[in-house]
Amino acid sequence: MNYRLTKLPLILLIVVLFFSCDATRKLKNNEFLITEQSIYSKDSLVIKRELYNQLSQQVNSKLLSFPLKLHIYNLGQRNPEKRFINWINKKDKRSDKLVSFLSKRQVIQLKKYWININNSIKKTGEVPIIFDKTKTENSLKKLESWYWNKGWFNAKAEYSVKTDSIRQTVEINYTVNPGFLYLIDSISENIESPSADSLYQIIKKNSKVKVGQPYNTIQFNIDRDQISTYFRNHGLYHFEKEFITYYADTINNDKKINLELNISNRSVDVRDTVASIPFKVHKISEVNVFSDYDGTSTKIEDSLRLKGLNIFSFGSLKIKPQVLSDFIFIKKDSVYRDVDRTRTNNRISETRIFKYPNILYQEDPRDTTGTDLIANVLLTPKERFSTNFSVDVSQSNIQEFGIGFNTSILARNIFRGAETLELSGRGNFGASRDLSNSEDQFLDILEYGADLRLNFPRIIFPFSIQSIINKRMSPFTSASVGFSTQENIGLDRRNLNATFGYRWKPKERRSYQFNLMNVQFVNNLNVDNFFNVFRNSYTELNEIAIANIGQVNPEFLVGNNEGDFNLIIPQGAEGFINSINNGTTRLNVDEQQIANSLIERKERLTENNLIIASDFVYDYSSRQNIYDENFSQFRAKLEWAGNLLSALAKPLGLEQTEAGNYRLFGVQFSQYVKTELNYIKHWDLGNQRVIATRAYGGIAIPFGNANSIPFPRSFFGGGPNDNRGWRPYDLGPGSTNAVNDFNEANFKLSFNAEYRFNLFGSLNSALFIDAGNIWNVLDNVEDPAARFDGLKDLSELSIASGFGLRYDIDFFVIRMDLGFKTYNPGSEGSKWFKDYNFSNVIFNFGINYPF
């Protein structure tokens, strides 16, 4: 039995028992702490969180049934200044000794520190929720009101209190008798404005409030929002939802409701009286666009008219008028619509050329009917250039410690078409895990790179595709080139890439991205370093060589002081591999299978990669804003590579290998199809508590010109955003238990769940469980332990569990998670809870939440 595993729960249990008896120690004699509240309806316990939120007093928040914040609050003194003075005066001459040792001013400062510390403790904690009869009776009114708004007009609520005088605690039970549910029997209308009445008749059939349904004020508010939105998008500029009311008549109607919808005219102050004015359908008579508004300039220096827009500039016009007109959805002679205003705001903000626009409407003084509006669009340009710089600290399976930096410069409106040109650079200095460097220096590895990206706020295509992607879909075209290089990291890869693609949003929460071209060239500069980096591969190969040492050329070996021999890196290892390939060294069946696998892996990981791909991404999110924690998100990606090159290989006369595969520029190009699916769901439980889940699946299938997936496009498991009980590349594949140094495969499943909650202040925490693994499928890997051959292999899903801390500093979250291997399918013997202790914990550091 692992006694270290049992110590922590025992200590925590003792602490909980100690504090649980101490929760009310600072209460006055007539004060009672509310420890539990229950609501019953028709003798059944209610579990709806919405109903408990109606109570005027909430129970102190708890962490695993323990009121942590309350105990933190109790650590502070009720009157810290008085306690400090009493402590000073408790012993003779204590005050004089402190003054002589410090000074009078420092003693006063010490008192202030003591007070501030106590105040900080109380602020971090949570004030005890003391039973208040007045507030409890107010809760009864709120409960009855909640039921009334759901159609139970005669609901009655009462409460009972169970008091523990010794512990100074109370439990409150609320009992609600709902009575009869009232149903809508008829709906009538009273709409004063003819224009409003005409519009309502069009959407009347879509109303959520229908005959036969229960009375429900939530449905009324939904209807009010829909009616108001429709009216304001069809010309009623002055309309607000406050003009919509419902009147319910229940007199002598046997639990039935005669409902009347009222839409009143707007009230306007006219001299000393208030006039009732019917709503009118307004149209846009002029659209004025001020391209460089700064709030002070008054003299117009440039103006023109284009597509019904009046474009003005206080200086020289710095953006092409045609481009500017594409950002304005408010059109001359069109009916006023809120949606046009919103689209114009969003589109202009997306370009990053202007600050958030200011759109003002005014009645046209030339119109005697009072229906014409003039739209004034005030645009304030951002600075032409802006810069950004950031530094971070990182750790990975390659480096013990790393310092990284990112910097960028953004240039706006490059060609007067609202384009943005961004040049970004990145670098990382780190201390290696001694995989490839033999010199004794701390920062011995280096990685750096740069990217150049050009964005156009339109679709650039040989012919117009407005019928497919129009300007309402916020289209963008982007092109980028970049490079990165490594020194003393793995095989010292040099990476060149280029992309050209499009993105657009057909709906508010739905977006598409299509990369027409995504080219990547990976050049390994230090192939001879393979066996220094992939030590497991070297160990297996070396064991085969030693087992057959009589067949090994002595020039391939080097001895040590203990009389043992090992393959020389790289000459000896390469020579031994060549002897296996040409049949000079003969191995038994098992050794030959292992050797073939090692040789194939070495060839794949050391070969240069040329990837010419296209991909399509679909993204949907129901999230309303960054504060919305009750949402779902779905992302799907399809990528295909090498198909065009494969079709043109023969006509172009490309070079062929002995195996019949084609090469371009001396490199065998990749050919595969890859798909990824990612689904995220959050449930908001209230009081800063959230359940977050994720399900992910991905597969990449090689074919044609390739029999494996290039390393940059393969999948790996483990790490701070995946299965947190394993480090990156340390998980799988299958049940092989990470036999390689960098484990990857072409099929992946991952499932994650977190319970997130607030500890105190800006410090949050989470309990999590992760499940997942990677496998090989439909490629050239033969090891059955690494392959996915059917649903039975789902038993190889590795499971990790643990907890973490997250500190929220507003614009990002610093995260630390502790992951424990809970189920390890590759473990010898017991697979559950083996090494489930702090000596084998995996620390994960990250920025923001994992999903």
# chains A, B, ... in the order shown; residues from 1 in each chain; ligands from 1
>>> residues_around(residues="Asn609 (chain A)", least_positions_apart="2", cutoff="8 Å", atoms="only C-alpha atoms", output="PDB file with C-alpha atoms, in the first residue's frame")
ATOM      1  CA  GLN A 520       5.372  24.159 -45.897  1.00  0.00           C
ATOM      2  CA  PHE A 521       8.957  23.026 -46.462  1.00  0.00           C
ATOM      3  CA  VAL A 522      10.805  21.409 -43.556  1.00  0.00           C
ATOM      4  CA  ASN A 523      14.562  21.013 -43.940  1.00  0.00           C
ATOM      5  CA  GLU A 607      13.500  13.150 -44.287  1.00  0.00           C
ATOM      6  CA  ILE A 611       3.627  19.866 -48.035  1.00  0.00           C
ATOM      7  CA  VAL A 667      12.015  16.131 -51.906  1.00  0.00           C
ATOM      8  CA  GLN A 668       9.233  13.544 -51.906  1.00  0.00           C
ATOM      9  CA  PHE A 669       6.029  15.551 -51.522  1.00  0.00           C
ATOM     10  CA  SER A 670       3.346  14.491 -49.034  1.00  0.00           C
ATOM     11  CA  PRO A 710       4.735  14.037 -42.181  1.00  0.00           C
TER      12      PRO A 710
END
>>> residues_around(residues="region 137-154 of chain A", least_positions_apart="3", cutoff="7 Å", atoms="only C-alpha atoms", output="list of chain:residue names")
A:Gln54, A:Leu55, A:Ser56, A:Lys133, A:Thr134, A:Ala157, A:Glu158, A:Pro178, A:Gly179, A:Phe180, A:Leu181, A:Tyr182, A:Pro214, A:Tyr215, A:Asn216, A:Thr217
>>> residues_around(residues="Gly642 (chain A)", least_positions_apart="4", cutoff="9 Å", atoms="only C-alpha atoms", output="ChimeraX atom specification")
/A:611-613,646-647,669-672,704-705
>>> atom_distance(atom1="CA of Glu796 (chain A)", atom2="CA of Pro825 (chain A)")
5.2 Å
>>> atom_distance(atom1="CA of Phe556 (chain A)", atom2="CA of Asn740 (chain A)")
23.3 Å
>>> residues_around(residues="Leu306 (chain A)", least_positions_apart="4", cutoff="8 Å", atoms="only C-alpha atoms", output="ChimeraX atom specification")
/A:310-311,321-322,325
>>> decode(residues="region 540-672 of chain A", atoms="C-alpha atoms", output="mmCIF file, in the first residue's frame")
data_model
loop_
_atom_site.group_PDB
_atom_site.id
_atom_site.type_symbol
_atom_site.label_atom_id
_atom_site.label_comp_id
_atom_site.auth_asym_id
_atom_site.auth_seq_id
_atom_site.Cartn_x
_atom_site.Cartn_y
_atom_site.Cartn_z
ATOM 1 C CA GLU A 540 16.933 -0.383 -28.853
ATOM 2 C CA LEU A 541 19.283 -0.396 -31.837
ATOM 3 C CA ASN A 542 22.318 -0.635 -29.552
ATOM 4 C CA GLU A 543 20.803 -3.612 -27.687
ATOM 5 C CA ILE A 544 20.340 -5.450 -30.994
ATOM 6 C CA ALA A 545 23.955 -4.677 -31.968
ATOM 7 C CA ILE A 546 25.364 -5.920 -28.643
ATOM 8 C CA ALA A 547 23.230 -9.087 -28.862
ATOM 9 C CA ASN A 548 24.827 -9.744 -32.275
ATOM 10 C CA ILE A 549 28.247 -8.259 -31.528
ATOM 11 C CA GLY A 550 30.020 -11.025 -33.432
ATOM 12 C CA GLN A 551 28.461 -9.745 -36.666
ATOM 13 C CA VAL A 552 29.137 -6.054 -35.958
ATOM 14 C CA ASN A 553 32.113 -4.326 -37.554
ATOM 15 C CA PRO A 554 34.457 -3.353 -34.672
ATOM 16 C CA GLU A 555 34.832 0.084 -36.277
ATOM 17 C CA PHE A 556 31.167 0.700 -35.401
ATOM 18 C CA LEU A 557 31.799 0.225 -31.661
ATOM 19 C CA VAL A 558 33.503 2.062 -28.839
ATOM 20 C CA GLY A 559 34.389 0.576 -25.454
ATOM 21 C CA ASN A 560 34.210 2.077 -21.969
ATOM 22 C CA ASN A 561 36.121 1.577 -18.720
ATOM 23 C CA GLU A 562 33.815 -1.247 -17.666
ATOM 24 C CA GLY A 563 34.559 -3.255 -20.789
ATOM 25 C CA ASP A 564 31.147 -2.670 -22.406
ATOM 26 C CA PHE A 565 30.724 -1.723 -26.042
ATOM 27 C CA ASN A 566 28.261 0.688 -27.659
ATOM 28 C CA LEU A 567 27.542 1.895 -31.173
ATOM 29 C CA ILE A 568 29.326 5.113 -32.113
ATOM 30 C CA ILE A 569 26.981 8.010 -32.899
ATOM 31 C CA PRO A 570 26.450 8.649 -35.737
ATOM 32 C CA GLN A 571 28.971 6.607 -37.787
ATOM 33 C CA GLY A 572 28.588 3.314 -35.946
ATOM 34 C CA ALA A 573 24.786 3.431 -35.802
ATOM 35 C CA GLU A 574 24.534 4.328 -39.500
ATOM 36 C CA GLY A 575 27.004 1.615 -40.431
ATOM 37 C CA PHE A 576 25.095 -0.998 -38.438
ATOM 38 C CA ILE A 577 21.821 0.051 -40.133
ATOM 39 C CA ASN A 578 23.463 -0.286 -43.565
ATOM 40 C CA SER A 579 24.703 -3.759 -42.667
ATOM 41 C CA ILE A 580 21.139 -4.777 -41.751
ATOM 42 C CA ASN A 581 19.750 -3.335 -44.979
ATOM 43 C CA ASN A 582 22.315 -5.064 -47.234
ATOM 44 C CA GLY A 583 22.044 -8.386 -45.391
ATOM 45 C CA THR A 584 25.544 -8.397 -43.950
ATOM 46 C CA THR A 585 24.074 -8.635 -40.455
ATOM 47 C CA ARG A 586 21.443 -11.331 -40.034
ATOM 48 C CA LEU A 587 18.961 -10.993 -37.186
ATOM 49 C CA ASN A 588 16.295 -13.266 -35.762
ATOM 50 C CA VAL A 589 12.642 -12.590 -36.605
ATOM 51 C CA ASP A 590 11.853 -10.461 -33.523
ATOM 52 C CA GLU A 591 15.058 -8.430 -33.816
ATOM 53 C CA GLN A 592 14.486 -7.898 -37.529
ATOM 54 C CA GLN A 593 10.950 -6.598 -36.864
ATOM 55 C CA ILE A 594 12.200 -4.146 -34.222
ATOM 56 C CA ALA A 595 15.082 -3.046 -36.454
ATOM 57 C CA ASN A 596 12.781 -2.490 -39.447
ATOM 58 C CA SER A 597 10.511 -0.341 -37.287
ATOM 59 C CA LEU A 598 13.453 1.711 -35.992
ATOM 60 C CA ILE A 599 14.897 2.198 -39.471
ATOM 61 C CA GLU A 600 11.529 3.218 -40.919
ATOM 62 C CA ARG A 601 10.951 5.712 -38.079
ATOM 63 C CA LYS A 602 14.431 7.194 -38.532
ATOM 64 C CA GLU A 603 13.928 7.629 -42.265
ATOM 65 C CA ARG A 604 10.555 9.289 -41.747
ATOM 66 C CA LEU A 605 11.705 11.680 -39.030
ATOM 67 C CA THR A 606 14.926 12.685 -40.789
ATOM 68 C CA GLU A 607 13.500 13.150 -44.287
ATOM 69 C CA ASN A 608 12.712 16.636 -45.463
ATOM 70 C CA ASN A 609 9.009 17.414 -45.934
ATOM 71 C CA LEU A 610 7.312 19.280 -48.754
ATOM 72 C CA ILE A 611 3.627 19.866 -48.035
ATOM 73 C CA ILE A 612 1.417 21.657 -50.569
ATOM 74 C CA ALA A 613 -2.067 21.585 -49.104
ATOM 75 C CA SER A 614 -5.462 23.246 -49.026
ATOM 76 C CA ASP A 615 -7.844 23.290 -46.081
ATOM 77 C CA PHE A 616 -11.345 24.356 -45.133
ATOM 78 C CA VAL A 617 -12.437 25.294 -41.579
ATOM 79 C CA TYR A 618 -15.991 25.680 -40.250
ATOM 80 C CA ASP A 619 -16.481 27.353 -36.866
ATOM 81 C CA TYR A 620 -19.700 27.896 -34.912
ATOM 82 C CA SER A 621 -20.101 29.351 -31.431
ATOM 83 C CA SER A 622 -23.224 30.252 -29.484
ATOM 84 C CA ARG A 623 -21.220 32.433 -27.097
ATOM 85 C CA GLN A 624 -22.717 35.911 -26.732
ATOM 86 C CA ASN A 625 -19.629 37.621 -25.267
ATOM 87 C CA ILE A 626 -16.483 36.899 -23.241
ATOM 88 C CA TYR A 627 -18.539 36.799 -20.023
ATOM 89 C CA ASP A 628 -20.976 34.190 -21.351
ATOM 90 C CA GLU A 629 -20.184 30.851 -19.696
ATOM 91 C CA ASN A 630 -23.202 28.936 -20.968
ATOM 92 C CA PHE A 631 -22.410 28.141 -24.581
ATOM 93 C CA SER A 632 -21.324 25.524 -27.113
ATOM 94 C CA GLN A 633 -18.730 25.660 -29.871
ATOM 95 C CA PHE A 634 -18.073 23.366 -32.811
ATOM 96 C CA ARG A 635 -15.086 23.436 -35.150
ATOM 97 C CA ALA A 636 -14.430 21.181 -38.134
ATOM 98 C CA LYS A 637 -11.384 21.175 -40.394
ATOM 99 C CA LEU A 638 -10.705 19.281 -43.624
ATOM 100 C CA GLU A 639 -7.234 19.347 -45.171
ATOM 101 C CA TRP A 640 -5.958 17.686 -48.325
ATOM 102 C CA ALA A 641 -2.400 17.699 -49.668
ATOM 103 C CA GLY A 642 -0.474 16.574 -52.746
ATOM 104 C CA ASN A 643 -3.436 15.788 -54.992
ATOM 105 C CA LEU A 644 -2.700 18.413 -57.652
ATOM 106 C CA LEU A 645 1.012 17.574 -57.710
ATOM 107 C CA SER A 646 0.210 13.879 -57.978
ATOM 108 C CA ALA A 647 -2.022 14.506 -61.005
ATOM 109 C CA LEU A 648 0.656 16.636 -62.700
ATOM 110 C CA ALA A 649 3.626 14.452 -61.743
ATOM 111 C CA LYS A 650 3.795 12.501 -65.010
ATOM 112 C CA PRO A 651 3.050 15.450 -67.355
ATOM 113 C CA LEU A 652 5.723 17.498 -65.567
ATOM 114 C CA GLY A 653 8.193 14.621 -65.669
ATOM 115 C CA LEU A 654 8.962 14.743 -61.960
ATOM 116 C CA GLU A 655 11.802 12.638 -60.574
ATOM 117 C CA GLN A 656 10.825 9.193 -59.208
ATOM 118 C CA THR A 657 12.333 7.188 -56.366
ATOM 119 C CA GLU A 658 13.056 3.445 -56.546
ATOM 120 C CA ALA A 659 9.737 2.865 -54.777
ATOM 121 C CA GLY A 660 7.902 4.793 -57.506
ATOM 122 C CA ASN A 661 7.188 7.937 -55.473
ATOM 123 C CA TYR A 662 7.631 11.367 -57.053
ATOM 124 C CA ARG A 663 9.949 14.144 -55.917
ATOM 125 C CA LEU A 664 9.828 17.888 -56.416
ATOM 126 C CA PHE A 665 13.051 19.849 -55.905
ATOM 127 C CA GLY A 666 14.627 16.636 -54.648
ATOM 128 C CA VAL A 667 12.015 16.131 -51.906
ATOM 129 C CA GLN A 668 9.233 13.544 -51.906
ATOM 130 C CA PHE A 669 6.029 15.551 -51.522
ATOM 131 C CA SER A 670 3.346 14.491 -49.034
ATOM 132 C CA GLN A 671 -0.086 13.279 -50.062
ATOM 133 C CA TYR A 672 -2.841 12.755 -47.503
#
